[in-house]
>>> print(open('query_34.pdb').read())   # PDB, C-alpha atoms, pLDDT in the B column
ATOM      1  CA  MET V 134     -43.619 -35.598 -17.667  1.00 93.00           C
ATOM      2  CA  SER V 135     -43.503 -31.911 -18.247  1.00 96.00           C
ATOM      3  CA  VAL V 136     -45.091 -28.643 -19.347  1.00 98.00           C
ATOM      4  CA  ALA V 137     -43.766 -25.929 -21.646  1.00 98.00           C
ATOM      5  CA  LEU V 138     -45.225 -22.455 -22.176  1.00 98.00           C
ATOM      6  CA  GLN V 139     -43.690 -20.684 -25.145  1.00 98.00           C
ATOM      7  CA  SER V 140     -44.164 -17.930 -27.686  1.00 98.00           C
ATOM      8  CA  GLU V 141     -42.206 -19.723 -30.416  1.00 98.00           C
ATOM      9  CA  ALA V 142     -43.648 -22.322 -32.780  1.00 97.00           C
ATOM     10  CA  ILE V 143     -44.075 -25.867 -31.495  1.00 98.00           C
ATOM     11  CA  ASP V 144     -41.752 -28.367 -33.187  1.00 98.00           C
ATOM     12  CA  VAL V 145     -44.177 -31.295 -33.247  1.00 98.00           C
ATOM     13  CA  ALA V 146     -41.583 -33.826 -34.440  1.00 97.00           C
ATOM     14  CA  ALA V 147     -39.111 -32.834 -31.721  1.00 97.00           C
ATOM     15  CA  GLU V 148     -41.837 -32.949 -29.065  1.00 98.00           C
ATOM     16  CA  TYR V 149     -42.836 -36.448 -30.173  1.00 96.00           C
ATOM     17  CA  THR V 150     -39.219 -37.630 -30.085  1.00 95.00           C
ATOM     18  CA  GLN V 151     -38.736 -36.176 -26.597  1.00 94.00           C
ATOM     19  CA  LEU V 152     -41.989 -37.735 -25.358  1.00 96.00           C
ATOM     20  CA  VAL V 153     -41.281 -41.222 -26.685  1.00 95.00           C
ATOM     21  CA  GLY V 154     -37.521 -41.360 -26.138  1.00 89.00           C
ATOM     22  CA  ASP V 155     -36.095 -44.834 -26.572  1.00 83.00           C
ATOM     23  CA  ARG V 156     -39.059 -46.562 -24.850  1.00 77.00           C
ATOM     24  CA  PRO V 157     -42.374 -45.791 -26.545  1.00 75.00           C
ATOM     25  CA  GLY V 158     -44.460 -48.111 -24.378  1.00 77.00           C
ATOM     26  CA  ALA V 159     -47.364 -49.796 -26.117  1.00 89.00           C
ATOM     27  CA  ALA V 160     -49.415 -46.718 -27.059  1.00 96.00           C
ATOM     28  CA  VAL V 161     -48.561 -43.126 -27.907  1.00 97.00           C
ATOM     29  CA  VAL V 162     -51.333 -40.607 -28.528  1.00 97.00           C
ATOM     30  CA  THR V 163     -50.825 -36.959 -29.413  1.00 98.00           C
ATOM     31  CA  PHE V 164     -53.083 -34.001 -30.082  1.00 98.00           C
ATOM     32  CA  THR V 165     -52.093 -30.885 -31.993  1.00 98.00           C
ATOM     33  CA  GLY V 166     -54.376 -27.834 -31.995  1.00 97.00           C
ATOM     34  CA  TYR V 167     -54.155 -25.102 -34.638  1.00 97.00           C
ATOM     35  CA  VAL V 168     -55.487 -21.555 -35.088  1.00 97.00           C
ATOM     36  CA  ARG V 169     -58.655 -21.728 -37.214  1.00 94.00           C
ATOM     37  CA  ASP V 170     -59.500 -19.182 -39.904  1.00 95.00           C
ATOM     38  CA  HIS V 171     -62.989 -18.769 -38.451  1.00 93.00           C
ATOM     39  CA  SER V 172     -64.998 -18.781 -35.269  1.00 88.00           C
ATOM     40  CA  ASP V 173     -68.669 -19.598 -34.891  1.00 80.00           C
ATOM     41  CA  GLN V 174     -69.621 -16.065 -35.955  1.00 82.00           C
ATOM     42  CA  HIS V 175     -66.876 -14.540 -38.112  1.00 89.00           C
ATOM     43  CA  ALA V 176     -63.613 -14.877 -40.023  1.00 95.00           C
ATOM     44  CA  VAL V 177     -60.365 -14.919 -38.021  1.00 96.00           C
ATOM     45  CA  THR V 178     -57.013 -13.643 -39.308  1.00 96.00           C
ATOM     46  CA  GLU V 179     -54.973 -14.070 -36.119  1.00 97.00           C
ATOM     47  CA  LEU V 180     -55.312 -15.045 -32.496  1.00 97.00           C
ATOM     48  CA  GLU V 181     -53.688 -13.484 -29.466  1.00 97.00           C
ATOM     49  CA  LEU V 182     -53.240 -15.617 -26.345  1.00 97.00           C
ATOM     50  CA  GLU V 183     -52.547 -14.007 -22.994  1.00 97.00           C
ATOM     51  CA  HIS V 184     -51.787 -16.070 -19.919  1.00 96.00           C
ATOM     52  CA  TYR V 185     -50.838 -15.969 -16.263  1.00 94.00           C
ATOM     53  CA  PRO V 186     -47.483 -17.860 -16.454  1.00 96.00           C
ATOM     54  CA  GLU V 187     -47.130 -19.241 -12.925  1.00 97.00           C
ATOM     55  CA  MET V 188     -50.771 -20.270 -12.658  1.00 97.00           C
ATOM     56  CA  ALA V 189     -50.845 -21.713 -16.190  1.00 97.00           C
ATOM     57  CA  ARG V 190     -47.778 -23.853 -15.487  1.00 98.00           C
ATOM     58  CA  LYS V 191     -49.307 -25.111 -12.217  1.00 98.00           C
ATOM     59  CA  VAL V 192     -52.714 -25.887 -13.736  1.00 97.00           C
ATOM     60  CA  LEU V 193     -51.154 -27.738 -16.680  1.00 98.00           C
ATOM     61  CA  SER V 194     -48.716 -29.638 -14.435  1.00 98.00           C
ATOM     62  CA  ASP V 195     -51.520 -30.663 -12.093  1.00 97.00           C
ATOM     63  CA  LEU V 196     -53.609 -31.728 -15.067  1.00 97.00           C
ATOM     64  CA  GLY V 197     -50.805 -33.855 -16.490  1.00 98.00           C
ATOM     65  CA  GLN V 198     -50.290 -35.489 -13.091  1.00 98.00           C
ATOM     66  CA  LEU V 199     -54.017 -36.159 -12.769  1.00 97.00           C
ATOM     67  CA  ALA V 200     -54.068 -37.854 -16.177  1.00 97.00           C
ATOM     68  CA  ALA V 201     -50.928 -39.854 -15.303  1.00 98.00           C
ATOM     69  CA  GLU V 202     -52.436 -41.122 -12.060  1.00 97.00           C
ATOM     70  CA  ARG V 203     -55.881 -41.812 -13.516  1.00 96.00           C
ATOM     71  CA  PHE V 204     -54.633 -43.636 -16.622  1.00 97.00           C
ATOM     72  CA  GLY V 205     -51.268 -45.028 -15.528  1.00 97.00           C
ATOM     73  CA  LEU V 206     -49.235 -43.010 -18.024  1.00 97.00           C
ATOM     74  CA  ARG V 207     -45.571 -43.808 -18.575  1.00 95.00           C
ATOM     75  CA  ASN V 208     -44.981 -40.262 -19.815  1.00 96.00           C
ATOM     76  CA  TRP V 209     -46.868 -37.102 -20.787  1.00 97.00           C
ATOM     77  CA  ARG V 210     -46.122 -33.637 -22.099  1.00 98.00           C
ATOM     78  CA  ILE V 211     -48.164 -30.470 -22.602  1.00 98.00           C
ATOM     79  CA  VAL V 212     -46.863 -27.572 -24.712  1.00 98.00           C
ATOM     80  CA  HIS V 213     -48.971 -24.407 -24.970  1.00 98.00           C
ATOM     81  CA  ARG V 214     -48.286 -21.247 -26.939  1.00 98.00           C
ATOM     82  CA  PHE V 215     -48.923 -17.634 -26.006  1.00 98.00           C
ATOM     83  CA  GLY V 216     -48.609 -14.360 -27.892  1.00 98.00           C
ATOM     84  CA  LEU V 217     -49.805 -13.447 -31.380  1.00 98.00           C
ATOM     85  CA  LEU V 218     -50.455 -16.463 -33.642  1.00 98.00           C
ATOM     86  CA  ALA V 219     -51.378 -16.562 -37.309  1.00 97.00           C
ATOM     87  CA  VAL V 220     -53.994 -18.843 -38.831  1.00 97.00           C
ATOM     88  CA  SER V 221     -52.692 -22.445 -39.107  1.00 97.00           C
ATOM     89  CA  GLU V 222     -50.049 -22.014 -36.391  1.00 98.00           C
ATOM     90  CA  THR V 223     -49.996 -24.548 -33.581  1.00 98.00           C
ATOM     91  CA  ILE V 224     -51.548 -23.461 -30.283  1.00 98.00           C
ATOM     92  CA  VAL V 225     -51.188 -26.605 -28.200  1.00 98.00           C
ATOM     93  CA  TRP V 226     -49.555 -30.027 -28.336  1.00 98.00           C
ATOM     94  CA  VAL V 227     -50.345 -32.835 -25.901  1.00 98.00           C
ATOM     95  CA  GLY V 228     -48.752 -36.271 -25.772  1.00 98.00           C
ATOM     96  CA  ALA V 229     -49.476 -39.325 -23.628  1.00 97.00           C
ATOM     97  CA  VAL V 230     -47.655 -42.667 -23.415  1.00 97.00           C
ATOM     98  CA  ALA V 231     -49.395 -45.653 -21.816  1.00 96.00           C
ATOM     99  CA  ASP V 232     -49.427 -49.434 -21.840  1.00 95.00           C
ATOM    100  CA  HIS V 233     -52.782 -49.513 -23.648  1.00 96.00           C
ATOM    101  CA  ARG V 234     -54.351 -47.359 -26.375  1.00 96.00           C
ATOM    102  CA  GLY V 235     -57.543 -46.672 -24.431  1.00 97.00           C
ATOM    103  CA  GLU V 236     -55.656 -45.116 -21.544  1.00 97.00           C
ATOM    104  CA  ALA V 237     -53.467 -42.996 -23.829  1.00 97.00           C
ATOM    105  CA  ILE V 238     -56.496 -41.780 -25.815  1.00 97.00           C
ATOM    106  CA  SER V 239     -58.497 -41.021 -22.666  1.00 97.00           C
ATOM    107  CA  ALA V 240     -55.555 -39.175 -21.088  1.00 97.00           C
ATOM    108  CA  CYS V 241     -55.251 -36.860 -24.113  1.00 97.00           C
ATOM    109  CA  GLU V 242     -59.003 -36.257 -24.065  1.00 96.00           C
ATOM    110  CA  LEU V 243     -59.031 -35.494 -20.344  1.00 96.00           C
ATOM    111  CA  ILE V 244     -56.119 -33.083 -20.702  1.00 97.00           C
ATOM    112  CA  MET V 245     -57.624 -31.200 -23.655  1.00 95.00           C
ATOM    113  CA  ASP V 246     -61.177 -31.157 -22.298  1.00 94.00           C
ATOM    114  CA  THR V 247     -59.989 -29.773 -18.966  1.00 94.00           C
ATOM    115  CA  LEU V 248     -57.302 -27.456 -20.342  1.00 94.00           C
ATOM    116  CA  LYS V 249     -59.889 -25.635 -22.475  1.00 89.00           C
ATOM    117  CA  THR V 250     -61.877 -24.572 -19.406  1.00 91.00           C
ATOM    118  CA  ASP V 251     -59.395 -24.534 -16.508  1.00 93.00           C
ATOM    119  CA  ALA V 252     -56.074 -23.187 -17.782  1.00 93.00           C
ATOM    120  CA  PRO V 253     -55.657 -19.403 -17.380  1.00 95.00           C
ATOM    121  CA  PHE V 254     -55.355 -18.454 -21.048  1.00 95.00           C
ATOM    122  CA  TRP V 255     -57.383 -15.675 -22.633  1.00 95.00           C
ATOM    123  CA  LYS V 256     -57.955 -15.609 -26.381  1.00 95.00           C
ATOM    124  CA  ARG V 257     -58.624 -12.554 -28.513  1.00 95.00           C
ATOM    125  CA  GLU V 258     -59.524 -13.169 -32.131  1.00 93.00           C
ATOM    126  CA  GLN V 259     -58.666 -10.608 -34.788  1.00 94.00           C
ATOM    127  CA  GLY V 260     -60.515 -10.477 -38.097  1.00 93.00           C
ATOM    128  CA  PRO V 261     -62.130  -8.237 -40.702  1.00 93.00           C
ATOM    129  CA  ALA V 262     -64.943  -7.465 -38.223  1.00 88.00           C
ATOM    130  CA  GLY V 263     -62.448  -6.305 -35.565  1.00 90.00           C
ATOM    131  CA  GLU V 264     -61.363  -8.017 -32.377  1.00 92.00           C
ATOM    132  CA  GLN V 265     -63.337 -10.222 -30.033  1.00 89.00           C
ATOM    133  CA  TRP V 266     -62.480 -11.956 -26.772  1.00 91.00           C
ATOM    134  CA  VAL V 267     -63.336 -15.652 -26.861  1.00 88.00           C
ATOM    135  CA  ALA V 268     -65.609 -16.970 -24.116  1.00 82.00           C
ATOM    136  CA  SER V 269     -65.851 -20.594 -22.993  1.00 80.00           C
ATOM    137  CA  ARG V 270     -68.218 -22.543 -25.193  1.00 82.00           C
ATOM    138  CA  ASP V 271     -71.032 -24.614 -23.715  1.00 81.00           C
ATOM    139  CA  SER V 272     -69.653 -27.677 -25.509  1.00 83.00           C
ATOM    140  CA  ASP V 273     -66.266 -27.214 -23.781  1.00 81.00           C
ATOM    141  CA  ILE V 274     -67.940 -26.931 -20.401  1.00 85.00           C
ATOM    142  CA  ALA V 275     -70.008 -30.066 -21.109  1.00 87.00           C
ATOM    143  CA  ARG V 276     -66.924 -32.050 -22.167  1.00 82.00           C
ATOM    144  CA  ARG V 277     -65.145 -30.964 -18.970  1.00 84.00           C
ATOM    145  CA  ALA V 278     -68.154 -31.970 -16.868  1.00 88.00           C
ATOM    146  CA  ARG V 279     -68.058 -35.556 -18.245  1.00 86.00           C
ATOM    147  CA  TRP V 280     -64.678 -36.088 -16.576  1.00 86.00           C
ATOM    148  CA  GLN V 281     -65.857 -34.704 -13.237  1.00 83.00           C
ATOM    149  CA  SER V 282     -68.979 -36.854 -13.202  1.00 78.00           C
ATOM    150  CA  GLY V 283     -67.061 -40.033 -14.049  1.00 72.00           C
ATOM    151  CA  GLU V 284     -69.121 -40.441 -17.247  1.00 71.00           C
ATOM    152  CA  ALA V 285     -65.957 -40.429 -19.379  1.00 72.00           C
ATOM    153  CA  GLN V 286     -63.349 -43.088 -18.768  1.00 63.00           C
TER     154      GLN V 286
END
>>> encode(input="query_34.pdb", output="structure tokens")
Amino acid sequence: MSVALQSEAIDVAAEYTQLVGDRPGAAVVTFTGYVRDHSDQHAVTELELEHYPEMARKVLSDLGQLAAERFGLRNWRIVHRFGLLAVSETIVWVGAVADHRGEAISACELIMDTLKTDAPFWKREQGPAGEQWVASRDSDIARRARWQSGEAQ
């Protein structure tokens, strides 16, 4: 049950091995997010992520604990990148281990849906049209709201 903030690439296989250890439980769910080559409006060649380290670590730790308590997780891990990332590089990796698949799936969804709106990361896309700061999308805010209202379980 831990958080990592790092500038270096995420070793997905090593993260999975660390998460599962020698006791995988009954269900393991992971999510890996990558830098896209486009946004809603334009092409993207790279993405820069800035963050507030102490606050980001606290928000992600609290989020992992919330998911663990809500879904009875045996283990969880959140790894988030910062710095300059090229297209197709990993941005985030989330893993959840639970006794049942539904809980593991829901925990990953809760973490990602909340992380997108609550964690103090700022994204600046670079592309042929120049640079643009990325604002929260309405769809991200709506997905986050489902968890607060109890609609999502």
>>> closest_residue(input="query_34.pdb", among="V:Leu152, V:Thr250, V:Ala189, V:Ile224", to="Asp271 of chain V", atoms="only C-alpha atoms")
V:Thr250
>>> resolve_selection(input="query_34.pdb", expression="the PyMOL selection byres ((chain V and resi 191-205) around 10)", output="PDB file with C-alpha atoms, in the coordinates of the input")
ATOM      1  CA  MET V 134     -43.619 -35.598 -17.667  1.00 93.00           C
ATOM      2  CA  SER V 135     -43.503 -31.911 -18.247  1.00 96.00           C
ATOM      3  CA  VAL V 136     -45.091 -28.643 -19.347  1.00 98.00           C
ATOM      4  CA  ALA V 137     -43.766 -25.929 -21.646  1.00 98.00           C
ATOM      5  CA  LEU V 138     -45.225 -22.455 -22.176  1.00 98.00           C
ATOM      6  CA  PRO V 186     -47.483 -17.860 -16.454  1.00 96.00           C
ATOM      7  CA  GLU V 187     -47.130 -19.241 -12.925  1.00 97.00           C
ATOM      8  CA  MET V 188     -50.771 -20.270 -12.658  1.00 97.00           C
ATOM      9  CA  ALA V 189     -50.845 -21.713 -16.190  1.00 97.00           C
ATOM     10  CA  ARG V 190     -47.778 -23.853 -15.487  1.00 98.00           C
ATOM     11  CA  LEU V 206     -49.235 -43.010 -18.024  1.00 97.00           C
ATOM     12  CA  ARG V 207     -45.571 -43.808 -18.575  1.00 95.00           C
ATOM     13  CA  ASN V 208     -44.981 -40.262 -19.815  1.00 96.00           C
ATOM     14  CA  TRP V 209     -46.868 -37.102 -20.787  1.00 97.00           C
ATOM     15  CA  ARG V 210     -46.122 -33.637 -22.099  1.00 98.00           C
ATOM     16  CA  ILE V 211     -48.164 -30.470 -22.602  1.00 98.00           C
ATOM     17  CA  VAL V 212     -46.863 -27.572 -24.712  1.00 98.00           C
ATOM     18  CA  HIS V 213     -48.971 -24.407 -24.970  1.00 98.00           C
ATOM     19  CA  VAL V 227     -50.345 -32.835 -25.901  1.00 98.00           C
ATOM     20  CA  GLY V 228     -48.752 -36.271 -25.772  1.00 98.00           C
ATOM     21  CA  ALA V 229     -49.476 -39.325 -23.628  1.00 97.00           C
ATOM     22  CA  VAL V 230     -47.655 -42.667 -23.415  1.00 97.00           C
ATOM     23  CA  ALA V 231     -49.395 -45.653 -21.816  1.00 96.00           C
ATOM     24  CA  ASP V 232     -49.427 -49.434 -21.840  1.00 95.00           C
ATOM     25  CA  HIS V 233     -52.782 -49.513 -23.648  1.00 96.00           C
ATOM     26  CA  GLY V 235     -57.543 -46.672 -24.431  1.00 97.00           C
ATOM     27  CA  GLU V 236     -55.656 -45.116 -21.544  1.00 97.00           C
ATOM     28  CA  ALA V 237     -53.467 -42.996 -23.829  1.00 97.00           C
ATOM     29  CA  ILE V 238     -56.496 -41.780 -25.815  1.00 97.00           C
ATOM     30  CA  SER V 239     -58.497 -41.021 -22.666  1.00 97.00           C
ATOM     31  CA  ALA V 240     -55.555 -39.175 -21.088  1.00 97.00           C
ATOM     32  CA  CYS V 241     -55.251 -36.860 -24.113  1.00 97.00           C
ATOM     33  CA  GLU V 242     -59.003 -36.257 -24.065  1.00 96.00           C
ATOM     34  CA  LEU V 243     -59.031 -35.494 -20.344  1.00 96.00           C
ATOM     35  CA  ILE V 244     -56.119 -33.083 -20.702  1.00 97.00           C
ATOM     36  CA  MET V 245     -57.624 -31.200 -23.655  1.00 95.00           C
ATOM     37  CA  THR V 247     -59.989 -29.773 -18.966  1.00 94.00           C
ATOM     38  CA  LEU V 248     -57.302 -27.456 -20.342  1.00 94.00           C
ATOM     39  CA  ASP V 251     -59.395 -24.534 -16.508  1.00 93.00           C
ATOM     40  CA  ALA V 252     -56.074 -23.187 -17.782  1.00 93.00           C
ATOM     41  CA  PRO V 253     -55.657 -19.403 -17.380  1.00 95.00           C
ATOM     42  CA  GLN V 286     -63.349 -43.088 -18.768  1.00 63.00           C
TER      43      GLN V 286
END
>>> closest_residue(input="query_34.pdb", among="V:Gln259, V:Gln151, V:Thr165, V:Ser221", to="Glu181 of chain V", atoms="all atoms listed in the file")
V:Gln259
>>> atom_distance(input="query_34.pdb", atom1="atom CA of Ala268 of chain V", atom2="atom CA of Asp173 of chain V")
11.5 Å
>>> atom_distance(input="query_34.pdb", atom1="atom CA of Lys256 of chain V", atom2="atom CA of Phe164 of chain V")
19.4 Å
>>> resolve_selection(input="query_34.pdb", expression="the PyMOL selection byres ((chain V and resi 170) around 12)", output="ChimeraX atom specification")
/V:167-169,171-180,218-222,258-261
>>> closest_residue(input="query_34.pdb", among="V:Ala285, V:Leu182, V:Val153, V:Ala275", to="Arg257 of chain V", atoms="all atoms listed in the file")
V:Leu182
>>> atom_distance(input="query_34.pdb", atom1="atom CA of Ala262 of chain V", atom2="atom CA of Thr223 of chain V")
23.2 Å
>>> resolve_selection(input="query_34.pdb", expression="the PyMOL selection byres ((chain V and resi 215) around 6)", output="mmCIF file with C-alpha atoms, in the coordinates of the input")
data_model
loop_
_atom_site.group_PDB
_atom_site.id
_atom_site.type_symbol
_atom_site.label_atom_id
_atom_site.label_comp_id
_atom_site.auth_asym_id
_atom_site.auth_seq_id
_atom_site.Cartn_x
_atom_site.Cartn_y
_atom_site.Cartn_z
ATOM 1 C CA SER V 140 -44.164 -17.930 -27.686
ATOM 2 C CA LEU V 182 -53.240 -15.617 -26.345
ATOM 3 C CA GLU V 183 -52.547 -14.007 -22.994
ATOM 4 C CA ARG V 214 -48.286 -21.247 -26.939
ATOM 5 C CA GLY V 216 -48.609 -14.360 -27.892
#
>>> closest_residue(input="query_34.pdb", among="V:Leu217, V:Val225, V:Ala160, V:Ile274", to="Glu148 of chain V", atoms="all atoms listed in the file")
V:Val225
>>> closest_residue(input="query_34.pdb", among="V:Ser269, V:Gln281, V:Ala142, V:Tyr149", to="Val161 of chain V", atoms="only C-alpha atoms")
V:Tyr149
>>> closest_residue(input="query_34.pdb", among="V:Arg234, V:Ser282, V:Trp255, V:Lys249", to="Tyr185 of chain V", atoms="all atoms listed in the file")
V:Trp255
>>> decode(input="query_34.pdb", residues="segment 257-279 of chain V", atoms="N, CA and C atoms", output="mmCIF file, in the first residue's frame")
data_model
loop_
_atom_site.group_PDB
_atom_site.id
_atom_site.type_symbol
_atom_site.label_atom_id
_atom_site.label_comp_id
_atom_site.auth_asym_id
_atom_site.auth_seq_id
_atom_site.Cartn_x
_atom_site.Cartn_y
_atom_site.Cartn_z
ATOM 1 N N ARG V 257 0.775 20.320 -19.417
ATOM 2 C CA ARG V 257 0.947 21.244 -20.533
ATOM 3 C C ARG V 257 1.301 20.413 -21.759
ATOM 4 N N GLU V 258 0.422 20.472 -22.746
ATOM 5 C CA GLU V 258 0.655 19.736 -23.985
ATOM 6 C C GLU V 258 1.485 20.579 -24.934
ATOM 7 N N GLN V 259 2.407 19.924 -25.627
ATOM 8 C CA GLN V 259 3.203 20.560 -26.666
ATOM 9 C C GLN V 259 2.815 19.911 -27.988
ATOM 10 N N GLY V 260 2.742 20.714 -29.042
ATOM 11 C CA GLY V 260 2.410 20.169 -30.355
ATOM 12 C C GLY V 260 2.730 21.169 -31.442
ATOM 13 N N PRO V 261 2.426 20.817 -32.683
ATOM 14 C CA PRO V 261 2.700 21.718 -33.808
ATOM 15 C C PRO V 261 2.033 23.086 -33.659
ATOM 16 N N ALA V 262 0.897 23.137 -32.946
ATOM 17 C CA ALA V 262 0.174 24.399 -32.763
ATOM 18 C C ALA V 262 0.699 25.195 -31.567
ATOM 19 N N GLY V 263 1.743 24.692 -30.895
ATOM 20 C CA GLY V 263 2.285 25.379 -29.727
ATOM 21 C C GLY V 263 1.966 24.627 -28.455
ATOM 22 N N GLU V 264 1.955 25.351 -27.335
ATOM 23 C CA GLU V 264 1.683 24.699 -26.060
ATOM 24 C C GLU V 264 0.316 25.121 -25.526
ATOM 25 N N GLN V 265 -0.256 24.224 -24.731
ATOM 26 C CA GLN V 265 -1.566 24.497 -24.148
ATOM 27 C C GLN V 265 -1.677 23.789 -22.810
ATOM 28 N N TRP V 266 -2.104 24.525 -21.780
ATOM 29 C CA TRP V 266 -2.387 23.916 -20.492
ATOM 30 C C TRP V 266 -3.683 23.131 -20.611
ATOM 31 N N VAL V 267 -3.738 21.984 -19.956
ATOM 32 C CA VAL V 267 -4.906 21.115 -20.031
ATOM 33 C C VAL V 267 -5.813 21.389 -18.839
ATOM 34 N N ALA V 268 -7.060 21.691 -19.115
ATOM 35 C CA ALA V 268 -8.057 21.926 -18.070
ATOM 36 C C ALA V 268 -8.812 20.631 -17.793
ATOM 37 N N SER V 269 -9.439 20.546 -16.632
ATOM 38 C CA SER V 269 -10.281 19.395 -16.308
ATOM 39 C C SER V 269 -11.411 19.314 -17.320
ATOM 40 N N ARG V 270 -11.676 18.103 -17.759
ATOM 41 C CA ARG V 270 -12.769 17.872 -18.702
ATOM 42 C C ARG V 270 -14.061 17.626 -17.929
ATOM 43 N N ASP V 271 -15.168 18.016 -18.537
ATOM 44 C CA ASP V 271 -16.477 17.792 -17.907
ATOM 45 C C ASP V 271 -16.707 16.315 -17.624
ATOM 46 N N SER V 272 -16.237 15.448 -18.514
ATOM 47 C CA SER V 272 -16.434 14.007 -18.323
ATOM 48 C C SER V 272 -15.658 13.506 -17.106
ATOM 49 N N ASP V 273 -14.481 14.083 -16.836
ATOM 50 C CA ASP V 273 -13.714 13.703 -15.644
ATOM 51 C C ASP V 273 -14.438 14.149 -14.381
ATOM 52 N N ILE V 274 -14.980 15.337 -14.416
ATOM 53 C CA ILE V 274 -15.709 15.859 -13.261
ATOM 54 C C ILE V 274 -16.961 15.018 -13.007
ATOM 55 N N ALA V 275 -17.644 14.609 -14.071
ATOM 56 C CA ALA V 275 -18.844 13.778 -13.927
ATOM 57 C C ALA V 275 -18.498 12.401 -13.364
ATOM 58 N N ARG V 276 -17.388 11.812 -13.832
ATOM 59 C CA ARG V 276 -16.988 10.501 -13.309
ATOM 60 C C ARG V 276 -16.633 10.613 -11.824
ATOM 61 N N ARG V 277 -15.980 11.677 -11.434
ATOM 62 C CA ARG V 277 -15.632 11.901 -10.029
ATOM 63 C C ARG V 277 -16.897 12.046 -9.187
ATOM 64 N N ALA V 278 -17.881 12.772 -9.716
ATOM 65 C CA ALA V 278 -19.115 13.025 -8.986
ATOM 66 C C ALA V 278 -19.897 11.730 -8.706
ATOM 67 N N ARG V 279 -19.804 10.748 -9.588
ATOM 68 C CA ARG V 279 -20.502 9.461 -9.369
ATOM 69 C C ARG V 279 -20.069 8.835 -8.057
#
